[in-house]
$ cat start-v1.csv   # CSV, C-alpha atoms
chain,number,residue,atom,x,y,z
A,150,MET,CA,-58.2,50.0,-11.0
A,151,SER,CA,-58.7,52.3,-13.9
A,152,PHE,CA,-57.6,55.2,-11.7
A,153,LEU,CA,-54.4,53.3,-11.0
A,154,SER,CA,-53.7,52.7,-14.6
A,155,ASN,CA,-54.3,56.4,-15.3
A,156,LYS,CA,-51.8,57.2,-12.7
A,157,TYR,CA,-49.2,55.1,-14.4
A,158,LEU,CA,-50.1,56.5,-17.7
A,159,LEU,CA,-49.7,59.9,-16.3
A,160,PHE,CA,-46.3,59.1,-14.9
A,161,VAL,CA,-45.1,57.7,-18.2
A,162,LEU,CA,-46.4,60.8,-20.1
A,163,ARG,CA,-44.7,63.0,-17.5
A,164,LEU,CA,-41.4,61.2,-18.1
A,165,ILE,CA,-41.7,61.5,-21.8
A,166,VAL,CA,-42.7,65.1,-22.0
A,167,GLY,CA,-40.4,66.3,-19.2
A,168,GLY,CA,-37.5,64.2,-20.5
A,169,LEU,CA,-37.9,65.6,-24.0
A,170,PHE,CA,-37.9,69.2,-22.8
A,171,VAL,CA,-34.9,68.6,-20.5
A,172,TYR,CA,-33.0,67.2,-23.5
A,173,ALA,CA,-34.2,70.0,-25.7
A,174,SER,CA,-33.1,72.6,-23.2
A,175,MET,CA,-29.6,71.1,-22.9
A,176,GLU,CA,-28.8,71.6,-26.6
A,177,LYS,CA,-30.1,75.1,-26.5
A,178,LEU,CA,-28.0,75.9,-23.4
A,179,MET,CA,-24.9,74.6,-25.2
A,180,ASN,CA,-25.6,76.8,-28.2
A,181,GLN,CA,-27.4,79.9,-27.1
A,182,GLU,CA,-26.1,82.0,-30.0
A,183,GLU,CA,-27.3,79.4,-32.4
A,184,PHE,CA,-30.7,79.3,-30.7
A,185,SER,CA,-30.9,83.1,-30.9
A,186,LYS,CA,-30.2,82.8,-34.6
A,187,ALA,CA,-32.9,80.1,-35.0
A,188,ILE,CA,-35.5,82.4,-33.3
A,189,PHE,CA,-34.3,85.3,-35.6
A,190,ASN,CA,-34.9,83.1,-38.6
A,191,TYR,CA,-38.6,82.6,-37.7
A,192,LYS,CA,-39.0,86.3,-38.2
A,193,PHE,CA,-42.0,86.5,-35.9
A,194,LEU,CA,-40.5,88.2,-32.8
A,195,PRO,CA,-39.2,91.8,-32.6
A,196,ASP,CA,-35.4,91.9,-32.5
A,197,VAL,CA,-35.3,93.3,-29.0
A,198,PHE,CA,-37.0,90.3,-27.5
A,199,ILE,CA,-35.0,87.6,-29.3
A,200,ASN,CA,-32.1,87.2,-27.0
A,201,ILE,CA,-34.2,87.5,-23.8
A,202,PHE,CA,-36.2,84.6,-25.3
A,203,ALA,CA,-33.0,82.7,-26.1
A,204,ILE,CA,-31.8,83.2,-22.5
A,205,VAL,CA,-35.0,82.4,-20.6
A,206,ILE,CA,-36.7,79.6,-22.7
A,207,PRO,CA,-34.0,76.9,-22.2
A,208,TYR,CA,-34.1,77.4,-18.4
A,209,LEU,CA,-37.9,77.5,-18.5
A,210,GLU,CA,-37.8,74.1,-20.3
A,211,LEU,CA,-35.1,72.7,-18.0
A,212,ILE,CA,-36.8,73.7,-14.7
A,213,SER,CA,-40.3,72.8,-15.8
A,214,GLY,CA,-39.1,69.5,-17.3
A,215,LEU,CA,-37.3,68.5,-14.1
A,216,LEU,CA,-40.3,69.5,-12.0
A,217,LEU,CA,-42.7,67.5,-14.2
A,218,ILE,CA,-40.5,64.4,-14.0
A,219,LEU,CA,-40.3,64.8,-10.2
A,220,GLY,CA,-44.0,65.4,-9.9
A,221,ILE,CA,-43.7,68.8,-8.3
A,222,PHE,CA,-45.8,71.8,-9.6
A,223,LYS,CA,-47.3,69.4,-12.3
A,224,ARG,CA,-50.0,71.8,-13.2
A,225,GLY,CA,-47.8,74.8,-13.5
A,226,SER,CA,-45.1,73.0,-15.5
A,227,SER,CA,-47.5,71.3,-17.8
A,228,PHE,CA,-49.3,74.6,-18.4
A,229,ILE,CA,-45.9,76.2,-19.4
A,230,PHE,CA,-45.3,73.4,-21.9
A,231,LEU,CA,-48.8,73.8,-23.2
A,232,VAL,CA,-48.1,77.5,-24.0
A,233,LEU,CA,-44.6,76.8,-25.3
A,234,LEU,CA,-45.8,74.0,-27.7
A,235,VAL,CA,-48.7,76.2,-29.0
A,236,VAL,CA,-46.1,79.0,-29.7
A,237,PHE,CA,-43.7,76.4,-31.4
A,238,ILE,CA,-46.6,75.1,-33.5
A,239,ILE,CA,-47.7,78.6,-34.6
A,240,ALA,CA,-44.1,79.6,-35.4
A,241,LEU,CA,-43.5,76.4,-37.4
A,242,THR,CA,-46.7,76.6,-39.2
A,243,GLN,CA,-46.2,80.2,-40.3
A,244,ALA,CA,-42.6,79.3,-41.4
A,245,TYR,CA,-44.0,76.4,-43.3
A,246,ALA,CA,-46.7,78.5,-45.0
A,247,ARG,CA,-44.2,81.2,-45.9
A,248,GLY,CA,-41.7,78.6,-47.1
A,249,LEU,CA,-38.9,80.0,-44.9
A,250,ASP,CA,-35.5,78.2,-44.9
A,251,ILE,CA,-35.2,77.8,-41.2
A,252,SER,CA,-33.4,76.0,-38.5
A,253,CYS,CA,-36.3,74.8,-36.4
A,254,GLY,CA,-34.5,75.2,-33.0
A,255,CYS,CA,-37.2,73.1,-31.3
A,256,PHE,CA,-35.5,69.9,-30.3
A,257,SER,CA,-32.4,70.2,-32.4
A,258,LEU,CA,-30.5,73.2,-33.7
A,259,GLU,CA,-29.6,71.3,-36.8
A,260,THR,CA,-30.6,73.0,-40.0
A,261,VAL,CA,-34.1,72.0,-41.2
A,262,GLY,CA,-34.4,73.3,-44.7
A,263,GLN,CA,-36.8,70.8,-46.3
A,264,LYS,CA,-40.5,71.6,-46.0
A,265,SER,CA,-41.3,68.0,-45.1
A,266,ASP,CA,-38.9,68.3,-42.1
A,267,ILE,CA,-40.8,71.2,-40.8
A,268,LEU,CA,-44.1,69.3,-41.3
A,269,SER,CA,-42.8,66.4,-39.3
A,270,ARG,CA,-41.7,68.8,-36.5
A,271,ILE,CA,-45.3,70.2,-36.5
A,272,ILE,CA,-46.7,66.7,-36.1
A,273,GLU,CA,-44.2,65.9,-33.4
A,274,ASP,CA,-45.2,69.0,-31.5
A,275,ILE,CA,-48.9,68.3,-31.9
A,276,LEU,CA,-48.4,64.8,-30.4
A,277,LEU,CA,-46.5,66.4,-27.5
A,278,LEU,CA,-49.2,69.0,-27.1
A,279,ILE,CA,-51.9,66.2,-26.8
A,280,ALA,CA,-49.7,64.4,-24.1
A,281,THR,CA,-49.3,67.7,-22.3
A,282,ILE,CA,-53.0,68.5,-22.3
A,283,ILE,CA,-53.7,65.0,-20.8
A,284,ILE,CA,-51.1,65.7,-18.1
A,285,TYR,CA,-52.6,69.1,-17.3
A,286,ILE,CA,-56.2,67.9,-17.1
A,287,LYS,CA,-55.5,64.7,-15.2
A,288,SER,CA,-53.2,66.5,-12.7
A,289,LYS,CA,-56.1,68.8,-12.0
A,290,ILE,CA,-58.6,65.9,-11.6
A,291,ILE,CA,-56.3,64.0,-9.3
A,292,ILE,CA,-55.8,67.1,-7.1
A,293,ILE,CA,-59.5,67.7,-6.9
A,294,LYS,CA,-60.1,64.0,-6.0
A,295,GLU,CA,-57.4,64.1,-3.3
A,296,ASN,CA,-58.9,67.3,-1.9
A,297,GLN,CA,-62.3,65.6,-1.7
A,298,GLN,CA,-61.0,62.6,0.2
B,22,MET,CA,-56.7,78.0,-12.1
B,23,ASN,CA,-55.3,80.1,-9.3
B,24,LYS,CA,-52.9,77.4,-8.3
B,25,THR,CA,-51.7,77.0,-11.9
B,26,ILE,CA,-51.0,80.7,-12.2
B,27,LYS,CA,-49.1,80.7,-8.9
B,28,GLU,CA,-47.0,77.7,-10.0
B,29,VAL,CA,-46.3,79.2,-13.5
B,30,PHE,CA,-45.3,82.5,-11.8
B,31,ILE,CA,-42.8,80.7,-9.5
B,32,ILE,CA,-41.3,78.6,-12.3
B,33,PHE,CA,-41.1,81.5,-14.7
B,34,THR,CA,-39.4,83.7,-12.1
B,35,ALA,CA,-36.9,81.0,-11.3
B,36,ALA,CA,-36.1,80.5,-15.0
B,37,LEU,CA,-35.7,84.2,-15.6
B,38,VAL,CA,-33.4,84.7,-12.6
B,39,THR,CA,-31.4,81.6,-13.3
B,40,GLY,CA,-31.1,82.4,-17.0
B,41,LEU,CA,-30.0,86.0,-16.5
B,42,ILE,CA,-27.4,85.0,-13.8
B,43,ALA,CA,-26.1,82.1,-15.8
B,44,ASN,CA,-25.9,84.2,-18.9
B,45,PHE,CA,-24.0,86.9,-17.0
B,46,ILE,CA,-21.5,84.4,-15.6
B,47,SER,CA,-21.0,82.1,-18.6
B,48,PRO,CA,-18.2,82.9,-21.0
B,49,ARG,CA,-20.6,81.8,-23.7
B,50,GLY,CA,-23.2,84.3,-22.6
B,51,ILE,CA,-25.0,86.4,-25.2
B,52,ALA,CA,-26.0,90.1,-25.3
B,53,LEU,CA,-29.4,90.9,-23.8
B,54,ILE,CA,-30.5,92.6,-27.0
B,55,ARG,CA,-29.5,90.9,-30.3
B,56,ASP,CA,-27.6,93.3,-32.5
B,57,ASP,CA,-27.5,92.6,-36.2
B,58,SER,CA,-26.8,96.1,-37.2
B,59,SER,CA,-23.1,95.5,-37.9
B,60,ARG,CA,-24.2,92.7,-40.3
B,61,TYR,CA,-26.1,95.0,-42.4
B,62,VAL,CA,-23.7,97.9,-42.8
B,63,ILE,CA,-24.9,99.2,-46.1
B,64,ASP,CA,-28.5,98.9,-47.4
B,65,SER,CA,-29.8,99.8,-50.8
B,66,ALA,CA,-30.6,103.3,-49.4
B,67,GLY,CA,-26.9,103.6,-48.5
B,68,VAL,CA,-25.9,102.7,-52.0
B,69,ASN,CA,-28.3,105.1,-53.6
B,70,ASN,CA,-27.0,107.8,-51.4
B,71,GLY,CA,-23.5,107.7,-52.9
B,72,PHE,CA,-22.0,104.6,-51.2
B,73,ASP,CA,-18.7,103.8,-52.9
B,74,ILE,CA,-18.9,100.1,-53.9
B,75,LYS,CA,-15.1,100.0,-54.3
B,76,LYS,CA,-14.7,100.8,-50.6
B,77,ARG,CA,-14.4,97.7,-48.4
B,78,GLY,CA,-16.2,97.2,-45.1
B,79,LYS,CA,-14.7,98.6,-41.9
B,80,LEU,CA,-11.9,96.9,-40.1
B,81,ASN,CA,-13.5,95.7,-36.8
B,82,LYS,CA,-12.1,95.0,-33.4
B,83,ALA,CA,-11.7,91.2,-34.2
B,84,GLY,CA,-9.2,92.2,-36.9
B,85,PHE,CA,-11.1,91.4,-40.1
B,86,TYR,CA,-12.9,93.6,-42.6
B,87,GLU,CA,-16.7,93.5,-42.1
B,88,PRO,CA,-18.6,92.1,-45.1
B,89,VAL,CA,-20.9,94.6,-46.7
B,90,ASN,CA,-24.5,94.0,-47.6
B,91,ILE,CA,-25.4,94.9,-51.2
B,92,PRO,CA,-28.8,95.1,-53.1
B,93,VAL,CA,-29.5,93.4,-56.4
B,94,GLU,CA,-28.7,96.4,-58.6
B,95,VAL,CA,-25.2,96.5,-57.1
B,96,ALA,CA,-24.8,92.7,-57.3
B,97,LYS,CA,-25.7,92.9,-61.0
B,98,GLN,CA,-23.2,95.7,-61.6
B,99,LEU,CA,-20.5,93.6,-59.9
B,100,PHE,CA,-21.5,90.6,-61.9
B,101,ASP,CA,-21.0,92.6,-65.1
B,102,ASP,CA,-17.6,93.7,-63.8
B,103,ASN,CA,-16.7,90.0,-63.6
B,104,VAL,CA,-16.5,89.9,-59.8
B,105,LYS,CA,-16.5,86.4,-58.4
B,106,PHE,CA,-19.7,85.1,-56.8
B,107,ILE,CA,-19.5,82.5,-54.0
B,108,ASP,CA,-22.5,80.2,-53.6
B,109,GLY,CA,-22.7,79.0,-49.9
B,110,ARG,CA,-25.5,76.4,-50.4
B,111,GLU,CA,-24.9,72.7,-50.5
B,112,ASP,CA,-23.4,70.9,-53.4
B,113,PHE,CA,-26.7,69.5,-54.7
B,114,GLU,CA,-28.4,72.9,-54.6
B,115,PHE,CA,-25.5,74.4,-56.4
B,116,LYS,CA,-25.8,71.8,-59.1
B,117,GLU,CA,-29.5,72.4,-59.5
B,118,GLY,CA,-28.8,76.0,-60.5
B,119,ARG,CA,-26.5,78.9,-59.7
B,120,ILE,CA,-25.6,82.4,-60.6
B,121,LYS,CA,-23.5,82.1,-63.8
B,122,GLY,CA,-19.8,81.6,-63.1
B,123,ALA,CA,-20.3,81.2,-59.3
B,124,ILE,CA,-18.1,78.9,-57.4
B,125,ASN,CA,-19.4,76.6,-54.6
B,126,ILE,CA,-18.1,76.9,-51.1
B,127,SER,CA,-20.7,75.1,-49.0
B,128,TYR,CA,-21.1,76.8,-45.7
B,129,LYS,CA,-22.1,73.5,-44.0
B,130,GLU,CA,-18.7,72.1,-44.7
B,131,PHE,CA,-16.7,75.3,-44.7
B,132,LYS,CA,-17.7,76.5,-41.2
B,133,ASP,CA,-16.0,73.7,-39.3
B,134,LYS,CA,-12.6,74.0,-41.1
B,135,THR,CA,-9.5,75.6,-39.6
B,136,ILE,CA,-8.3,79.0,-40.9
B,137,GLU,CA,-5.5,77.1,-42.8
B,138,GLN,CA,-8.0,74.7,-44.4
B,139,LYS,CA,-10.3,77.6,-45.4
B,140,GLN,CA,-7.4,79.4,-47.0
B,141,GLN,CA,-6.5,76.1,-48.8
B,142,ILE,CA,-10.1,75.8,-50.1
B,143,MET,CA,-9.9,79.4,-51.3
B,144,LYS,CA,-6.3,79.3,-52.6
B,145,ASP,CA,-7.2,80.2,-56.1
B,146,LEU,CA,-8.8,83.5,-54.9
B,147,ASN,CA,-6.8,86.6,-54.1
B,148,LYS,CA,-7.3,87.9,-50.5
B,149,GLU,CA,-7.7,91.5,-51.8
B,150,GLN,CA,-10.2,90.7,-54.6
B,151,MET,CA,-13.8,91.5,-54.2
B,152,LEU,CA,-16.1,88.5,-53.6
B,153,VAL,CA,-19.9,88.3,-53.4
B,154,SER,CA,-21.4,85.8,-51.1
B,155,TYR,CA,-25.0,84.6,-51.7
B,156,CYS,CA,-27.3,81.7,-51.0
B,157,SER,CA,-30.9,80.9,-51.9
B,158,SER,CA,-32.7,84.0,-50.6
B,159,ASP,CA,-32.9,86.5,-47.8
B,160,SER,CA,-34.7,83.9,-45.7
B,161,CYS,CA,-31.5,82.0,-45.3
B,162,GLU,CA,-28.5,83.3,-43.4
B,163,ILE,CA,-25.9,81.3,-45.2
B,164,SER,CA,-24.8,84.2,-47.4
B,165,ILE,CA,-24.1,86.2,-44.2
B,166,ASP,CA,-22.4,83.4,-42.2
B,167,ASN,CA,-20.3,82.3,-45.1
B,168,ALA,CA,-19.2,85.9,-45.8
B,169,TYR,CA,-18.1,86.2,-42.2
B,170,GLU,CA,-16.2,82.9,-42.3
B,171,MET,CA,-14.3,84.0,-45.4
B,172,ALA,CA,-13.6,87.5,-43.9
B,173,LYS,CA,-12.2,85.8,-40.7
B,174,ALA,CA,-10.0,83.7,-42.9
B,175,GLY,CA,-8.4,86.9,-44.2
B,176,TYR,CA,-10.4,87.7,-47.3
B,177,ASN,CA,-10.8,91.5,-47.1
B,178,ASP,CA,-13.4,92.6,-49.5
B,179,ILE,CA,-16.6,90.4,-49.1
B,180,LYS,CA,-20.0,91.6,-50.2
B,181,ILE,CA,-23.2,89.9,-49.2
B,182,TYR,CA,-26.0,89.6,-51.8
B,183,LEU,CA,-28.9,88.8,-49.6
B,184,GLY,CA,-31.5,88.5,-52.4
B,185,GLY,CA,-29.7,85.4,-53.5
B,186,TYR,CA,-30.4,82.9,-56.3
B,187,LYS,CA,-34.3,83.2,-56.0
B,188,GLU,CA,-34.2,87.0,-56.6
B,189,TRP,CA,-31.5,86.7,-59.3
B,190,THR,CA,-33.4,84.2,-61.4
B,191,LYS,CA,-36.7,86.0,-60.8
B,192,LEU,CA,-35.2,89.0,-62.5
B,193,GLY,CA,-34.0,86.8,-65.3
B,194,TYR,CA,-30.3,87.5,-64.7
B,195,PRO,CA,-27.7,85.0,-66.0
B,196,ALA,CA,-27.8,81.6,-64.3
B,197,GLU,CA,-26.5,78.2,-65.2
B,198,LYS,CA,-26.8,74.5,-64.3
$ encode --input "start-v1.csv" --output "structure tokens"
Amino acid sequence: MSFLSNKYLLFVLRLIVGGLFVYASMEKLMNQEEFSKAIFNYKFLPDVFINIFAIVIPYLELISGLLLILGIFKRGSSFIFLVLLVVFIIALTQAYARGLDISCGCFSLETVGQKSDILSRIIEDILLLIATIIIYIKSKIIIIKENQQ
Amino acid sequence: MNKTIKEVFIIFTAALVTGLIANFISPRGIALIRDDSSRYVIDSAGVNNGFDIKKRGKLNKAGFYEPVNIPVEVAKQLFDDNVKFIDGREDFEFKEGRIKGAINISYKEFKDKTIEQKQQIMKDLNKEQMLVSYCSSDSCEISIDNAYEMAKAGYNDIKIYLGGYKEWTKLGYPAEK
């Protein structure tokens, strides 16, 4: 029974994390120039990589988000989100520490100038990271169990 | 772990290929390498090497004069020559403190206006007069973006003072509330 509830929990978590990333990717895809500018504002990536990042990341989020919702390649897609979230958190934290006036560009391209806004984004991303870690670990366990049966 | 790596590789390749193709086809596609060089036409080295501050930026293909980036020494020199400073920050920030005599054209509101509306907002300024755009510091891009909006609206001699209000007040230059 507990295994069943875990399965449902996993499904809900997948919907939330996957859905949020699909939503986030849409806004970035509509405003790639703005997203490129947002990355530029973080000042943590060499200029030559900024636009490649701005081109690939939204599709990476979109494809991984859809796959996670559909339950295909769960381990791969959750691992990608894990890496992305860690990168986002590091970028936000260093921006917070340096007191940069940045547009976060994580889930919205709207200007985030207040330090408290950056802090709430960091907390938001940490919560998502926890959910993603649960998905990744549980997907692995379920696959191992299925293989054993 | 092997399975994870395999899946990551497949997803990443799909994203890379889709992204590059979509970017190539899309009219809103962006250049593969970000180029900000045109936004920073003249740096302080350029000024020290005999850059003529009276000369405006180059006329670009889009039909407007490129704003020119200036360092603090030049900004101060222009301030002493009574050149108008434009503060691109929001109203409340402007009220909290600004470069003495600056006028507030908030980029947040200005950017979405039509060319005619922009010209109406700036009607008291001459299109040929030199203007200096600034914001809080070099970690905000408003000074640059606002300068470009004004240049596109037909204002032909815009300078960008990137150091902004933070650098200005740190040096003890004239400010007001």
$ residues_around --input "start-v1.csv" --residues "Ser127 of chain B" --least-positions-apart "6" --cutoff "6 Å" --atoms "only C-alpha atoms" --output "list of chain:residue names"
B:Gly109, B:Arg110, B:Glu111
$ residues_near_point --input "start-v1.csv" --point "(-49.4, 74.6, -34.8)" --cutoff "12 Å" --atoms "all atoms listed in the file" --output "MDAnalysis selection string"
chainID A and resid 231:246 267:279
$ residues_near_point --input "start-v1.csv" --point "(-40.2, 75.2, -24.4)" --cutoff "12 Å" --atoms "all atoms listed in the file" --output "MDAnalysis selection string"
(chainID A and resid 166:175 177 202:214 226:238 254:256 274 277:278 281) or (chainID B and resid 33 36)
$ closest_atom_pairs --input "start-v1.csv" --of "chain B" --to "chain A" --cutoff "10 Å" --atoms "all atoms listed in the file" --output "tab-separated table"
residue	atom	partner	partner_atom	distance
B:Met22	CA	A:Arg224	CA	9.2
B:Lys24	CA	A:Gly225	CA	7.7
B:Thr25	CA	A:Gly225	CA	4.8
B:Ile26	CA	A:Gly225	CA	6.8
B:Lys27	CA	A:Gly225	CA	7.6
B:Glu28	CA	A:Gly225	CA	4.6
B:Val29	CA	A:Gly225	CA	4.6
B:Phe30	CA	A:Gly225	CA	8.3
B:Ile31	CA	A:Gly225	CA	8.7
B:Ile32	CA	A:Ser213	CA	6.8
B:Phe33	CA	A:Leu209	CA	6.4
B:Thr34	CA	A:Leu209	CA	9.0
B:Ala35	CA	A:Ile212	CA	8.1
B:Ala36	CA	A:Leu209	CA	4.9
B:Leu37	CA	A:Val205	CA	5.4
B:Val38	CA	A:Val205	CA	8.5
B:Thr39	CA	A:Tyr208	CA	7.1
B:Gly40	CA	A:Val205	CA	5.3
B:Leu41	CA	A:Ile204	CA	6.9
B:Ile42	CA	A:Ile204	CA	9.9
B:Ala43	CA	A:Ile204	CA	8.9
B:Asn44	CA	A:Ile204	CA	7.0
B:Arg49	CA	A:Gln181	CA	7.8
B:Gly50	CA	A:Gln181	CA	7.6
B:Ile51	CA	A:Glu182	CA	6.6
B:Ala52	CA	A:Asn200	CA	7.0
B:Leu53	CA	A:Asn200	CA	5.6
B:Ile54	CA	A:Val197	CA	5.2
B:Arg55	CA	A:Asn200	CA	5.6
B:Asp56	CA	A:Asp196	CA	7.9
B:Asp57	CA	A:Asp196	CA	8.8
B:Lys129	CA	A:Thr260	CA	9.4
B:Ser157	CA	A:Asp250	CA	8.8
B:Ser158	CA	A:Asp250	CA	8.6
B:Asp159	CA	A:Asp250	CA	9.2
B:Ser160	CA	A:Leu249	CA	5.8
B:Cys161	CA	A:Asp250	CA	5.5
B:Glu162	CA	A:Asn190	CA	8.0
$ atom_distance --input "start-v1.csv" --atom1 "atom CA of Glu94 of chain B" --atom2 "atom CA of Ala187 of chain A"
29.0 Å
$ atom_distance --input "start-v1.csv" --atom1 "atom CA of Asp108 of chain B" --atom2 "atom CA of Gly175 of chain B"
18.2 Å
$ atom_distance --input "start-v1.csv" --atom1 "atom CA of Leu146 of chain B" --atom2 "atom CA of Lys134 of chain B"
17.2 Å
$ closest_residue --input "start-v1.csv" --among "B:Asn147, B:Ser154, B:Ser47, B:Gln140" --to "Tyr169 of chain B" --atoms "all atoms listed in the file"
B:Ser154
